[in-house]
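Trainee: coords-v2.cif (mmCIF, C-alpha atoms) pasted underneath:
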data_work
#
loop_
_atom_site.label_atom_id
_atom_site.label_comp_id
_atom_site.auth_asym_id
_atom_site.auth_seq_id
_atom_site.Cartn_x
_atom_site.Cartn_y
_atom_site.Cartn_z
CA MET A 1058 -16.87 -19.29 -19.68
CA ALA A 1059 -19.28 -21.29 -17.52
CA GLY A 1060 -16.53 -21.58 -14.92
CA ALA A 1061 -15.98 -17.84 -14.93
CA LEU A 1062 -19.70 -17.18 -14.58
CA THR A 1063 -19.90 -19.57 -11.65
CA LYS A 1064 -16.96 -17.96 -9.90
CA TYR A 1065 -17.72 -14.29 -10.51
CA SER A 1066 -21.38 -13.61 -11.38
CA PHE A 1067 -22.51 -13.08 -7.78
CA ILE A 1068 -19.45 -11.17 -6.58
CA ASN A 1069 -19.42 -9.05 -9.74
CA ALA A 1070 -22.97 -7.79 -9.07
CA LYS A 1071 -22.21 -7.25 -5.38
CA LEU A 1072 -18.99 -5.32 -5.97
CA ARG A 1073 -20.36 -3.14 -8.75
CA ALA A 1074 -23.10 -2.05 -6.36
CA ARG A 1075 -20.45 -1.22 -3.76
CA ILE A 1076 -18.29 0.62 -6.28
CA SER A 1077 -21.25 2.86 -7.08
CA GLN A 1078 -21.27 3.92 -3.40
CA ILE A 1079 -17.63 5.06 -3.30
CA LEU A 1080 -17.43 8.76 -2.50
CA PRO A 1081 -17.41 10.84 -5.71
CA ASP A 1082 -14.79 13.45 -6.56
CA GLU A 1083 -17.21 16.25 -5.66
CA VAL A 1084 -17.23 15.09 -2.02
CA PHE A 1085 -13.44 15.11 -1.91
CA GLY A 1086 -13.54 18.60 -3.37
CA GLN A 1087 -15.83 19.68 -0.52
CA LEU A 1088 -13.58 17.97 2.04
CA ALA A 1089 -10.54 19.76 0.61
CA GLN A 1090 -12.32 23.11 0.94
CA SER A 1091 -13.49 22.50 4.51
CA ALA A 1092 -12.08 24.88 7.11
CA SER A 1093 -10.76 22.34 9.62
CA VAL A 1094 -10.56 18.69 10.65
CA ASP A 1095 -13.84 19.10 12.52
CA ALA A 1096 -15.55 20.57 9.46
CA ALA A 1097 -14.22 17.77 7.25
CA LEU A 1098 -15.42 15.09 9.67
CA ALA A 1099 -18.83 16.78 9.82
CA LEU A 1100 -19.11 16.39 6.04
CA LEU A 1101 -18.59 12.64 6.48
CA ARG A 1102 -21.51 12.21 8.93
CA ASP A 1103 -23.88 10.86 6.29
CA THR A 1104 -21.32 8.43 4.85
CA PRO A 1105 -19.92 5.08 6.04
CA PHE A 1106 -17.08 7.12 7.60
CA ALA A 1107 -19.29 8.78 10.21
CA PRO A 1108 -17.62 6.85 13.13
CA LEU A 1109 -14.41 8.82 12.52
CA GLU A 1110 -15.96 11.94 14.00
CA GLU A 1111 -16.98 10.10 17.15
CA VAL A 1112 -13.46 8.69 17.64
CA TYR A 1113 -11.84 12.06 17.06
CA ASN A 1114 -14.27 13.94 19.28
CA SER A 1115 -13.82 11.50 22.15
CA THR A 1116 -10.01 11.29 21.95
CA GLY A 1117 -8.80 14.40 20.12
CA ASP A 1118 -6.34 12.03 18.40
CA LEU A 1119 -6.51 11.94 14.61
CA ARG A 1120 -4.19 8.93 14.45
CA LEU A 1121 -6.74 6.88 16.40
CA ALA A 1122 -9.35 7.89 13.83
CA GLU A 1123 -6.93 6.68 11.14
CA ILE A 1124 -6.68 3.35 12.95
CA GLU A 1125 -10.44 3.05 12.50
CA LEU A 1126 -9.95 3.57 8.77
CA LEU A 1127 -7.33 0.85 8.77
CA LYS A 1128 -9.62 -1.55 10.61
CA SER A 1129 -12.40 -0.87 8.13
CA GLU A 1130 -10.06 -1.60 5.24
CA ILE A 1131 -9.01 -4.92 6.79
CA GLU A 1132 -12.63 -5.83 7.41
CA LEU A 1133 -13.36 -5.04 3.77
CA TYR A 1134 -11.01 -7.83 2.65
CA ARG A 1135 -12.43 -10.29 5.17
CA ASN A 1136 -15.97 -9.48 4.13
CA ILE A 1137 -15.28 -10.03 0.44
CA HIS A 1138 -13.26 -13.20 1.15
CA ARG A 1139 -16.35 -15.05 2.36
CA TYR A 1140 -18.13 -14.56 -0.98
CA LEU A 1141 -15.26 -15.72 -3.19
CA HIS A 1142 -14.71 -18.92 -5.10
CA GLU A 1143 -11.90 -20.95 -3.53
CA SER A 1144 -9.64 -20.26 -6.53
CA SER A 1145 -9.56 -16.54 -5.63
CA ARG A 1146 -9.19 -16.80 -1.86
CA ARG A 1147 -5.45 -17.41 -1.80
CA LEU A 1148 -4.78 -14.13 -3.62
CA VAL A 1149 -7.05 -12.18 -1.25
CA ASP A 1150 -5.32 -13.80 1.74
CA VAL A 1151 -1.97 -12.57 0.44
CA LEU A 1152 -3.37 -9.08 -0.15
CA LEU A 1153 -4.64 -9.12 3.44
CA SER A 1154 -1.17 -10.12 4.67
CA GLN A 1155 0.16 -6.69 3.65
CA PHE A 1156 -1.70 -5.23 6.65
CA GLU A 1157 -0.25 -7.87 8.95
CA ILE A 1158 3.27 -7.17 7.67
CA ASP A 1159 2.86 -3.40 8.05
CA ASN A 1160 1.52 -3.88 11.58
CA LEU A 1161 4.46 -6.16 12.45
CA LYS A 1162 6.90 -3.60 11.04
CA ASN A 1163 5.32 -0.89 13.19
CA ALA A 1164 5.60 -3.04 16.33
CA ILE A 1165 9.24 -3.84 15.56
CA ARG A 1166 9.96 -0.13 14.99
CA ILE A 1167 8.76 0.58 18.53
CA TYR A 1168 11.08 -2.13 19.88
CA PHE A 1169 13.92 -0.82 17.71
CA ASP A 1170 13.47 2.80 18.85
CA ARG A 1171 13.47 1.75 22.49
CA LYS A 1172 16.14 -0.95 22.47
CA VAL A 1173 18.55 0.11 19.73
CA ARG A 1174 18.11 3.88 19.51
CA GLY A 1175 17.29 4.46 23.17
CA HIS A 1176 14.22 6.53 22.27
CA VAL A 1177 10.99 5.84 24.14
CA ASP A 1178 7.64 7.04 22.79
CA GLU A 1179 4.96 5.86 25.21
CA SER A 1180 2.16 6.82 22.81
CA ALA A 1181 3.42 4.77 19.84
CA ALA A 1182 2.02 1.49 21.19
CA HIS A 1183 -1.51 2.93 20.96
CA TYR A 1184 -1.33 2.84 17.17
CA ILE A 1185 -0.65 -0.89 16.83
CA LEU A 1186 -3.40 -3.38 16.00
CA TYR A 1187 -3.36 -6.09 18.65
CA GLU A 1188 -6.16 -8.30 17.34
CA PRO A 1189 -5.12 -10.98 14.78
CA ILE A 1190 -5.26 -10.08 11.09
CA LEU A 1191 -4.36 -13.45 9.56
CA ARG A 1192 -2.27 -15.06 12.28
CA SER A 1193 -2.17 -14.76 16.07
CA ILE A 1194 1.00 -12.74 16.68
CA PRO A 1195 1.36 -11.24 20.18
CA MET A 1196 2.13 -7.66 19.22
CA ASP A 1197 2.24 -6.59 22.87
CA ILE A 1198 5.20 -8.92 23.45
CA ILE A 1199 6.98 -7.59 20.35
CA VAL A 1200 6.49 -3.97 21.42
CA ASN A 1201 7.97 -4.75 24.84
CA ALA A 1202 10.51 -7.37 23.74
CA ARG A 1203 14.03 -7.62 25.19
CA SER A 1204 15.68 -8.97 22.03
CA PHE A 1205 15.14 -9.98 18.42
CA ASP A 1206 15.41 -13.60 19.58
CA GLU A 1207 12.31 -13.04 21.69
CA ILE A 1208 10.51 -11.45 18.73
CA ALA A 1209 11.46 -14.38 16.48
CA GLY A 1210 10.25 -16.80 19.14
CA VAL A 1211 6.75 -15.34 19.32
CA CYS A 1212 6.58 -15.41 15.49
CA GLN A 1213 7.02 -19.20 15.56
CA GLY A 1214 4.84 -20.82 12.89
CA THR A 1215 4.78 -17.71 10.68
CA PRO A 1216 6.91 -16.89 7.62
CA TYR A 1217 8.26 -13.88 9.51
CA LYS A 1218 10.33 -15.90 12.01
CA ALA A 1219 13.09 -16.77 9.51
CA ILE A 1220 13.41 -13.15 8.36
CA ILE A 1221 13.70 -11.85 11.92
CA GLU A 1222 16.29 -14.51 12.78
CA LYS A 1223 18.31 -13.66 9.66
CA TYR A 1224 18.28 -9.88 10.00
CA GLY A 1225 17.93 -9.20 13.74
CA ALA A 1226 21.69 -9.05 14.32
CA VAL A 1227 22.14 -6.98 11.15
CA VAL A 1228 19.62 -4.41 12.41
CA GLU A 1229 21.47 -4.08 15.70
CA SER A 1230 24.94 -3.85 14.11
CA GLU A 1231 23.89 -1.35 11.42
CA GLY A 1232 21.44 0.59 13.59
CA SER A 1233 18.90 0.43 10.77
CA LEU A 1234 15.73 -1.54 10.00
CA PHE A 1235 16.33 -1.13 6.28
CA ARG A 1236 17.33 -4.71 5.36
CA LEU A 1237 14.71 -6.29 7.62
CA GLU A 1238 11.88 -4.20 6.19
CA VAL A 1239 12.99 -4.83 2.60
CA ALA A 1240 12.98 -8.58 3.35
CA PHE A 1241 9.39 -8.33 4.67
CA ASP A 1242 8.32 -6.51 1.49
CA GLN A 1243 10.08 -9.07 -0.70
CA LEU A 1244 8.24 -11.87 1.12
CA TYR A 1245 4.90 -10.16 0.51
CA TYR A 1246 5.48 -9.66 -3.20
CA ALA A 1247 6.91 -13.16 -3.67
CA ASP A 1248 3.73 -14.59 -2.12
CA LEU A 1249 1.64 -12.25 -4.26
CA ILE A 1250 3.30 -13.35 -7.51
CA ASP A 1251 3.00 -17.00 -6.45
CA ALA A 1252 -0.73 -16.55 -5.82
CA ILE A 1253 -1.18 -14.83 -9.19
CA ASN A 1254 0.70 -17.61 -10.98
CA LYS A 1255 -1.75 -20.15 -9.55
CA LEU A 1256 -4.73 -18.42 -11.18
CA ASP A 1257 -6.10 -19.55 -14.53
CA ARG A 1258 -4.76 -17.79 -17.64
CA VAL A 1259 -7.37 -15.03 -17.98
CA ASP A 1260 -7.33 -14.14 -14.28
CA ARG A 1261 -3.53 -14.28 -14.25
CA GLU A 1262 -3.25 -11.80 -17.13
CA VAL A 1263 -5.74 -9.42 -15.52
CA ALA A 1264 -4.07 -9.61 -12.09
CA ILE A 1265 -0.55 -8.98 -13.35
CA ARG A 1266 -1.69 -5.86 -15.22
CA LEU A 1267 -2.93 -4.37 -11.95
CA ILE A 1268 -0.43 -5.78 -9.48
CA GLY A 1269 2.44 -5.25 -11.92
CA VAL A 1270 1.96 -1.48 -11.78
CA GLU A 1271 2.18 -1.60 -7.98
CA ILE A 1272 5.40 -3.63 -8.25
CA ASP A 1273 6.79 -1.09 -10.72
CA LEU A 1274 6.04 1.68 -8.23
CA GLN A 1275 7.78 -0.18 -5.41
CA ASN A 1276 10.82 -0.97 -7.56
CA ILE A 1277 11.26 2.57 -8.88
CA SER A 1278 10.96 3.96 -5.36
CA TRP A 1279 13.58 1.48 -4.18
CA ILE A 1280 15.98 2.26 -7.02
CA ILE A 1281 16.00 5.93 -6.05
CA ARG A 1282 16.18 5.27 -2.31
CA PHE A 1283 18.82 2.54 -2.52
CA LYS A 1284 21.10 4.76 -4.55
CA LYS A 1285 20.40 8.09 -2.86
CA PHE A 1286 20.19 7.12 0.80
CA TYR A 1287 22.09 3.83 1.01
CA ASP A 1288 24.59 4.19 -1.85
CA LEU A 1289 24.06 0.59 -2.96
CA PRO A 1290 25.85 -0.49 -6.16
CA LEU A 1291 23.66 -1.30 -9.17
CA ASP A 1292 24.05 -5.09 -8.85
CA ALA A 1293 22.89 -4.98 -5.22
CA VAL A 1294 19.92 -2.80 -6.21
CA VAL A 1295 18.88 -5.19 -8.98
CA ALA A 1296 19.16 -8.17 -6.63
CA ALA A 1297 16.82 -6.46 -4.14
CA LEU A 1298 14.10 -5.60 -6.67
CA ILE A 1299 10.84 -7.50 -6.97
CA PRO A 1300 10.22 -9.57 -10.10
CA GLY A 1301 6.84 -9.39 -11.80
CA GLY A 1302 6.57 -5.70 -12.69
CA PHE A 1303 4.45 -4.79 -15.68
CA HIS A 1304 6.52 -2.15 -17.49
CA LEU A 1305 9.91 -1.99 -15.83
CA ASN A 1306 12.73 -3.85 -17.60
CA ARG A 1307 16.47 -4.12 -16.96
CA ALA A 1308 17.37 -1.40 -19.45
CA THR A 1309 15.04 1.07 -17.69
CA ILE A 1310 16.38 0.02 -14.29
CA ASP A 1311 19.94 0.78 -15.47
CA GLU A 1312 18.82 4.13 -16.85
CA LEU A 1313 16.99 5.11 -13.67
CA TYR A 1314 20.01 4.21 -11.55
CA GLN A 1315 22.42 6.23 -13.69
CA ALA A 1316 20.13 9.17 -14.48
CA GLN A 1317 20.59 12.64 -13.05
CA ASN A 1318 17.11 13.55 -14.30
CA VAL A 1319 14.74 10.71 -13.43
CA THR A 1320 11.83 12.50 -15.12
CA SER A 1321 13.41 12.15 -18.56
CA VAL A 1322 13.71 8.39 -18.07
CA LEU A 1323 10.09 8.20 -16.94
CA GLN A 1324 9.03 9.97 -20.12
CA LYS A 1325 10.28 7.01 -22.12
CA PHE A 1326 9.06 4.52 -19.52
CA VAL A 1327 5.47 5.74 -19.42
CA GLY A 1328 4.92 8.05 -22.39
CA GLY A 1329 4.69 5.40 -25.10
CA ALA A 1330 2.04 3.27 -23.40
CA HIS A 1331 0.16 6.15 -21.74
CA PRO A 1332 0.60 9.38 -23.74
CA GLY A 1333 -2.25 10.97 -21.77
CA LEU A 1334 0.15 11.36 -18.85
CA SER A 1335 2.31 13.87 -20.69
CA ALA A 1336 1.10 16.72 -18.46
CA LEU A 1337 2.35 14.95 -15.36
CA LEU A 1338 5.61 14.05 -17.05
CA ALA A 1339 6.20 17.69 -17.89
CA SER A 1340 6.58 18.41 -14.16
CA GLN A 1341 10.22 18.80 -13.20
CA ALA A 1342 10.93 17.31 -9.78
CA SER A 1343 13.90 18.96 -8.15
CA ASP A 1344 14.76 16.54 -5.34
CA SER A 1345 14.47 12.87 -4.43
CA THR A 1346 11.27 13.32 -2.41
CA SER A 1347 9.59 15.28 -5.21
CA ARG A 1348 10.69 12.70 -7.77
CA LEU A 1349 9.17 9.89 -5.71
CA MET A 1350 5.91 11.84 -5.41
CA LEU A 1351 5.88 12.40 -9.18
CA ILE A 1352 6.54 8.71 -9.82
CA ARG A 1353 3.76 7.74 -7.44
CA ARG A 1354 1.29 10.05 -9.18
CA ILE A 1355 2.20 8.69 -12.61
CA LEU A 1356 1.92 5.05 -11.64
CA GLU A 1357 -1.31 5.67 -9.73
CA GLU A 1358 -2.73 7.19 -12.92
CA ILE A 1359 -1.65 4.08 -14.85
CA GLN A 1360 -3.34 1.91 -12.24
CA ARG A 1361 -6.55 3.96 -12.50
CA HIS A 1362 -6.42 3.51 -16.27
CA GLU A 1363 -6.13 -0.26 -15.83
CA VAL A 1364 -9.02 -0.27 -13.34
CA GLN A 1365 -11.26 1.56 -15.80
CA ARG A 1366 -10.33 -0.93 -18.52
CA ILE A 1367 -11.39 -3.77 -16.25
CA LEU A 1368 -14.68 -2.14 -15.26
CA ALA A 1369 -15.53 -1.49 -18.92
CA GLY A 1370 -14.45 -4.95 -20.09
CA TYR A 1371 -15.53 -8.57 -19.62
CA PRO A 1372 -16.98 -8.61 -16.10
CA PHE A 1373 -16.37 -12.18 -14.97
CA THR A 1374 -12.72 -12.18 -13.92
CA ILE A 1375 -10.76 -11.59 -10.74
CA GLY A 1376 -10.27 -8.06 -12.06
CA ILE A 1377 -13.51 -6.86 -10.47
CA ILE A 1378 -12.24 -7.91 -7.03
CA LEU A 1379 -8.86 -6.24 -7.48
CA ALA A 1380 -10.45 -3.12 -8.99
CA TYR A 1381 -12.73 -2.79 -5.98
CA PHE A 1382 -9.86 -3.12 -3.52
CA ILE A 1383 -7.83 -0.52 -5.43
CA LEU A 1384 -10.73 1.94 -5.59
CA LYS A 1385 -11.52 1.52 -1.89
CA ALA A 1386 -7.86 1.87 -0.91
CA ASP A 1387 -7.72 5.08 -2.94
CA GLU A 1388 -10.87 6.39 -1.23
CA LEU A 1389 -9.43 5.69 2.23
CA LYS A 1390 -6.05 7.15 1.33
CA ARG A 1391 -7.65 10.39 0.12
CA ILE A 1392 -9.66 10.72 3.34
CA ARG A 1393 -6.50 10.20 5.43
CA MET A 1394 -4.61 12.67 3.30
CA ILE A 1395 -7.24 15.40 3.62
CA LEU A 1396 -7.68 14.96 7.37
CA ASN A 1397 -3.94 15.09 7.98
CA ALA A 1398 -3.56 18.11 5.70
CA LYS A 1399 -6.33 19.92 7.59
CA GLN A 1400 -4.67 19.18 10.92
CA LEU A 1401 -1.36 20.52 9.59
CA GLY A 1402 -3.01 23.63 8.14
CA ARG A 1403 -2.01 22.94 4.53
CA PRO A 1404 -3.34 25.47 1.98
CA LEU A 1405 -6.19 24.44 -0.32
CA GLU A 1406 -4.04 24.49 -3.47
CA ARG A 1407 -1.57 22.03 -1.98
CA ILE A 1408 -4.35 19.69 -0.83
CA GLU A 1409 -5.95 19.74 -4.29
CA ASN A 1410 -2.58 18.93 -5.87
CA MET A 1411 -2.20 15.97 -3.51
CA LEU A 1412 -5.57 14.63 -4.61
#
Could the structure of this file be written out as structure tokens, please?
Mentor:
Amino acid sequence: MAGALTKYSFINAKLRARISQILPDEVFGQLAQSASVDAALALLRDTPFAPLEEVYNSTGDLRLAEIELLKSEIELYRNIHRYLHESSRRLVDVLLSQFEIDNLKNAIRIYFDRKVRGHVDESAAHYILYEPILRSIPMDIIVNARSFDEIAGVCQGTPYKAIIEKYGAVVESEGSLFRLEVAFDQLYYADLIDAINKLDRVDREVAIRLIGVEIDLQNISWIIRFKKFYDLPLDAVVAALIPGGFHLNRATIDELYQAQNVTSVLQKFVGGAHPGLSALLASQASDSTSRLMLIRRILEEIQRHEVQRILAGYPFTIGIILAYFILKADELKRIRMILNAKQLGRPLERIENML
């Protein structure tokens, strides 16, 4: 216990103070009811998100305001990293790598659209982060690359080089980034599980409860997409899935793949452990997109349940760090969602349902 106190007493106090400053549900209710993007941004003036209004007012580009949100989320991880015991830093580094991977994917998509699909969007390059996140990767070269060989070359010294070399030709022959992007995601989750496995027993158990739900979400989404949009056979789907999920087992995977009504399988998957989600499970999703949204809502509720367990439990574990990141990510996601919905003119009822 002395070790746990040494590692987490300071960061626990610091993060609980920060958690208390996360925007409450009432503020999101007010944002949802605001009349426009401008009105929503005005409501954020007295919060840490005040700079969004300045960016939007000066550019008229909501996506650039979203980039500011992304930068603030990345800075959040870096800021917390400096206060951590060395035993926790590896896990936070891997969590930070998700932003680097997403940014790399976005840069490669611009190259792919231009070089493979022959579609040029001059504005797309404005929404890439060019400053290093973990590693110095020249995103400007990737965006303007002439070949996947060139992209692999500038990723020398990173774990991404081997993936790009392996799948570059496949992307060009199939006209799809699917296999490349799945390989990037698999790399991220493999590193994440490896980092979790290096934690001590208590931290490992706490981390897998939280991260395992995220892996379940990714795997269920993939099962539906792989079957529906790519017509992959079951064995190929199973081979592509990420190990380390918290609830999902092979029997449920088989059921989800074969099921015509995914919701009925989810009732068995979730209902036993979390009967409070029965109202969500009663929703009947009619198409693949709706089913994925339903699945996301269910697993997000499970994750919130796990976060509350951590916050109410023994305070000196890595759980407080992960809980904070999850709560902040949720706060940022809800702000993005509301601002985009306002720009698109979505009705209040739909926005409230999204929240």
Trainee: Taking into account all atoms listed in the file, which residue in the set A:Leu1274, A:Gly1086, A:Ser1129, A:Val1263 is nearest to Ile1377 in chain A?
Mentor: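 So, comparing all the options, the nearest one is A:Val1263.
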Trainee: So that I can check the surroundings of Ile1131 in chain A, please list as a list in words every protein, DNA and RNA residue that reaches within 10 Å of it, counting all atoms listed in the file and ignoring chain neighbours fewer than 5 positions away.
Mentor: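 Listing them by chain and then by number gives Glu1125, Leu1126, Asn1136, Leu1152, Leu1153, Ser1154, Gln1155, Phe1156, Glu1157 and Ile1190 of chain A.
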Trainee: With a distance cut-off of 9 Å and all atoms listed in the file, select the neighbouring residues of range 1312-1317 of chain A, excluding the residue or stretch itself and same-chain residues fewer than 6 positions from it, and output the selection as a short mmCIF file (atom, residue, chain, number, x, y, z; two decimals) with C-alpha atoms, in the coordinates of the input.
Mentor:
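New file out-v5.cif:
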data_model
loop_
_atom_site.label_atom_id
_atom_site.label_comp_id
_atom_site.auth_asym_id
_atom_site.auth_seq_id
_atom_site.Cartn_x
_atom_site.Cartn_y
_atom_site.Cartn_z
CA ILE A 1277 11.26 2.57 -8.88
CA ILE A 1280 15.98 2.26 -7.02
CA ILE A 1281 16.00 5.93 -6.05
CA LYS A 1284 21.10 4.76 -4.55
CA LEU A 1291 23.66 -1.30 -9.17
CA VAL A 1294 19.92 -2.80 -6.21
CA LEU A 1323 10.09 8.20 -16.94
#
Trainee: Identify which of the residues A:Leu1405, A:Leu1267, A:Val1227, A:Leu1249 lies closest to Pro1300 in chain A, counting all atoms listed in the file when measuring atom-to-atom distances.
Mentor: A:Leu1249
Trainee: Between A:Glu1271, A:Arg1236, A:Lys1390, A:Tyr1168, which is the closest to Phe1283 in chain A once you count all atoms listed in the file?
Mentor: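 Of the candidates, the smallest distance to Phe1283 in chain A is held by A:Arg1236.
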Trainee: Hey, which of A:Val1173, A:Ala1226, A:Ala1089, A:Leu1148 ends up closest to Leu1379 in chain A? Count all atoms listed in the file.
Mentor: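 The closest residue to Leu1379 in chain A is A:Leu1148.
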Trainee: Evaluate the PyMOL selection byres ((chain A and resi 1386) around 12) and record the selected residues as a list in words, following the chain and residue labels used in the document.
Mentor: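 Applying the PyMOL selection byres ((chain A and resi 1386) around 12) to the structure shown produces Ile1076, Ile1079, Leu1080, Leu1126, Leu1127, Ser1129, Glu1130, Ile1131, Leu1133, Tyr1134, Leu1152, Glu1357, Arg1361, Leu1379, Ala1380, Tyr1381, Phe1382, Ile1383, Leu1384, Lys1385, Asp1387, Glu1388, Leu1389, Lys1390, Arg1391, Ile1392 and Arg1393 of chain A.
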Trainee: Show me, as a short mmCIF file (atom, residue, chain, number, x, y, z; two decimals) with C-alpha atoms, in the frame of the given file, the residues that have an atom within 8 Å of range 1212-1225 of chain A when counting all atoms listed in the file, minus same-chain residues fewer than 3 positions from it.
Mentor:
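To be explicit, this is the file written out as result-v6.cif:
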data_model
loop_
_atom_site.label_atom_id
_atom_site.label_comp_id
_atom_site.auth_asym_id
_atom_site.auth_seq_id
_atom_site.Cartn_x
_atom_site.Cartn_y
_atom_site.Cartn_z
CA ARG A 1192 -2.27 -15.06 12.28
CA ILE A 1194 1.00 -12.74 16.68
CA PHE A 1205 15.14 -9.98 18.42
CA ASP A 1206 15.41 -13.60 19.58
CA ILE A 1208 10.51 -11.45 18.73
CA ALA A 1209 11.46 -14.38 16.48
CA VAL A 1228 19.62 -4.41 12.41
CA GLU A 1229 21.47 -4.08 15.70
CA ARG A 1236 17.33 -4.71 5.36
CA LEU A 1237 14.71 -6.29 7.62
CA ALA A 1240 12.98 -8.58 3.35
CA PHE A 1241 9.39 -8.33 4.67
#
Trainee: CA of Asn1306 in chain A and CA of Arg1266 in chain A, how far apart in Å?
Mentor: 14.8 Å
Trainee: Could you spell out the hits of the PyMOL selection byres ((chain A and resi 1147) around 12) on the shown file, as number ranges by chain?
Mentor: A: 1134, 1138-1139, 1141-1146, 1148-1154, 1248-1256, 1375
Trainee: Just the number, please: distance in Å from CA of Asn1160 in chain A to CA of Leu1101 in chain A, one decimal.
Mentor: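 CA of Asn1160 in chain A sits 26.5 Å away from CA of Leu1101 in chain A.
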Trainee: For the provided coordinates, the residues matched by the PyMOL selection byres ((chain A and resi 1090) around 10) should be stated as a VMD selection string.
Mentor: chain A and resid 1084 to 1089 1091 to 1093 1096 to 1097 1395 1399 1404 to 1406 1408 to 1409
Trainee: What does the file look like for those residues with C-alpha atoms, as an mmCIF file, in the frame of the given file?
Mentor:
data_model
loop_
_atom_site.group_PDB
_atom_site.id
_atom_site.type_symbol
_atom_site.label_atom_id
_atom_site.label_comp_id
_atom_site.auth_asym_id
_atom_site.auth_seq_id
_atom_site.Cartn_x
_atom_site.Cartn_y
_atom_site.Cartn_z
ATOM 1 C CA VAL A 1084 -17.230 15.090 -2.020
ATOM 2 C CA PHE A 1085 -13.440 15.110 -1.910
ATOM 3 C CA GLY A 1086 -13.540 18.600 -3.370
ATOM 4 C CA GLN A 1087 -15.830 19.680 -0.520
ATOM 5 C CA LEU A 1088 -13.580 17.970 2.040
ATOM 6 C CA ALA A 1089 -10.540 19.760 0.610
ATOM 7 C CA SER A 1091 -13.490 22.500 4.510
ATOM 8 C CA ALA A 1092 -12.080 24.880 7.110
ATOM 9 C CA SER A 1093 -10.760 22.340 9.620
ATOM 10 C CA ALA A 1096 -15.550 20.570 9.460
ATOM 11 C CA ALA A 1097 -14.220 17.770 7.250
ATOM 12 C CA ILE A 1395 -7.240 15.400 3.620
ATOM 13 C CA LYS A 1399 -6.330 19.920 7.590
ATOM 14 C CA PRO A 1404 -3.340 25.470 1.980
ATOM 15 C CA LEU A 1405 -6.190 24.440 -0.320
ATOM 16 C CA GLU A 1406 -4.040 24.490 -3.470
ATOM 17 C CA ILE A 1408 -4.350 19.690 -0.830
ATOM 18 C CA GLU A 1409 -5.950 19.740 -4.290
#
Trainee: Could you tell me how far CA of Lys1128 in chain A lies from CA of Ser1193 in chain A, in Å and to one decimal?
Mentor: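 Between these atoms lies a distance of 16.1 Å.
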Trainee: Which of these residues is nearest to Glu1123 in chain A, using all atoms listed in the file: A:Leu1234, A:Met1350, A:Pro1081, A:Ile1185?
Mentor: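 Using all atoms listed in the file, the shortest distance to Glu1123 in chain A belongs to A:Ile1185.
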Trainee: Point out the residue among A:Arg1403, A:Ala1202, A:His1304, A:Gly1376 with the least atom-to-atom distance to Lys1172 in chain A, counting only C-alpha atoms.
Mentor: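 Using only C-alpha atoms, the shortest distance to Lys1172 in chain A belongs to A:Ala1202.
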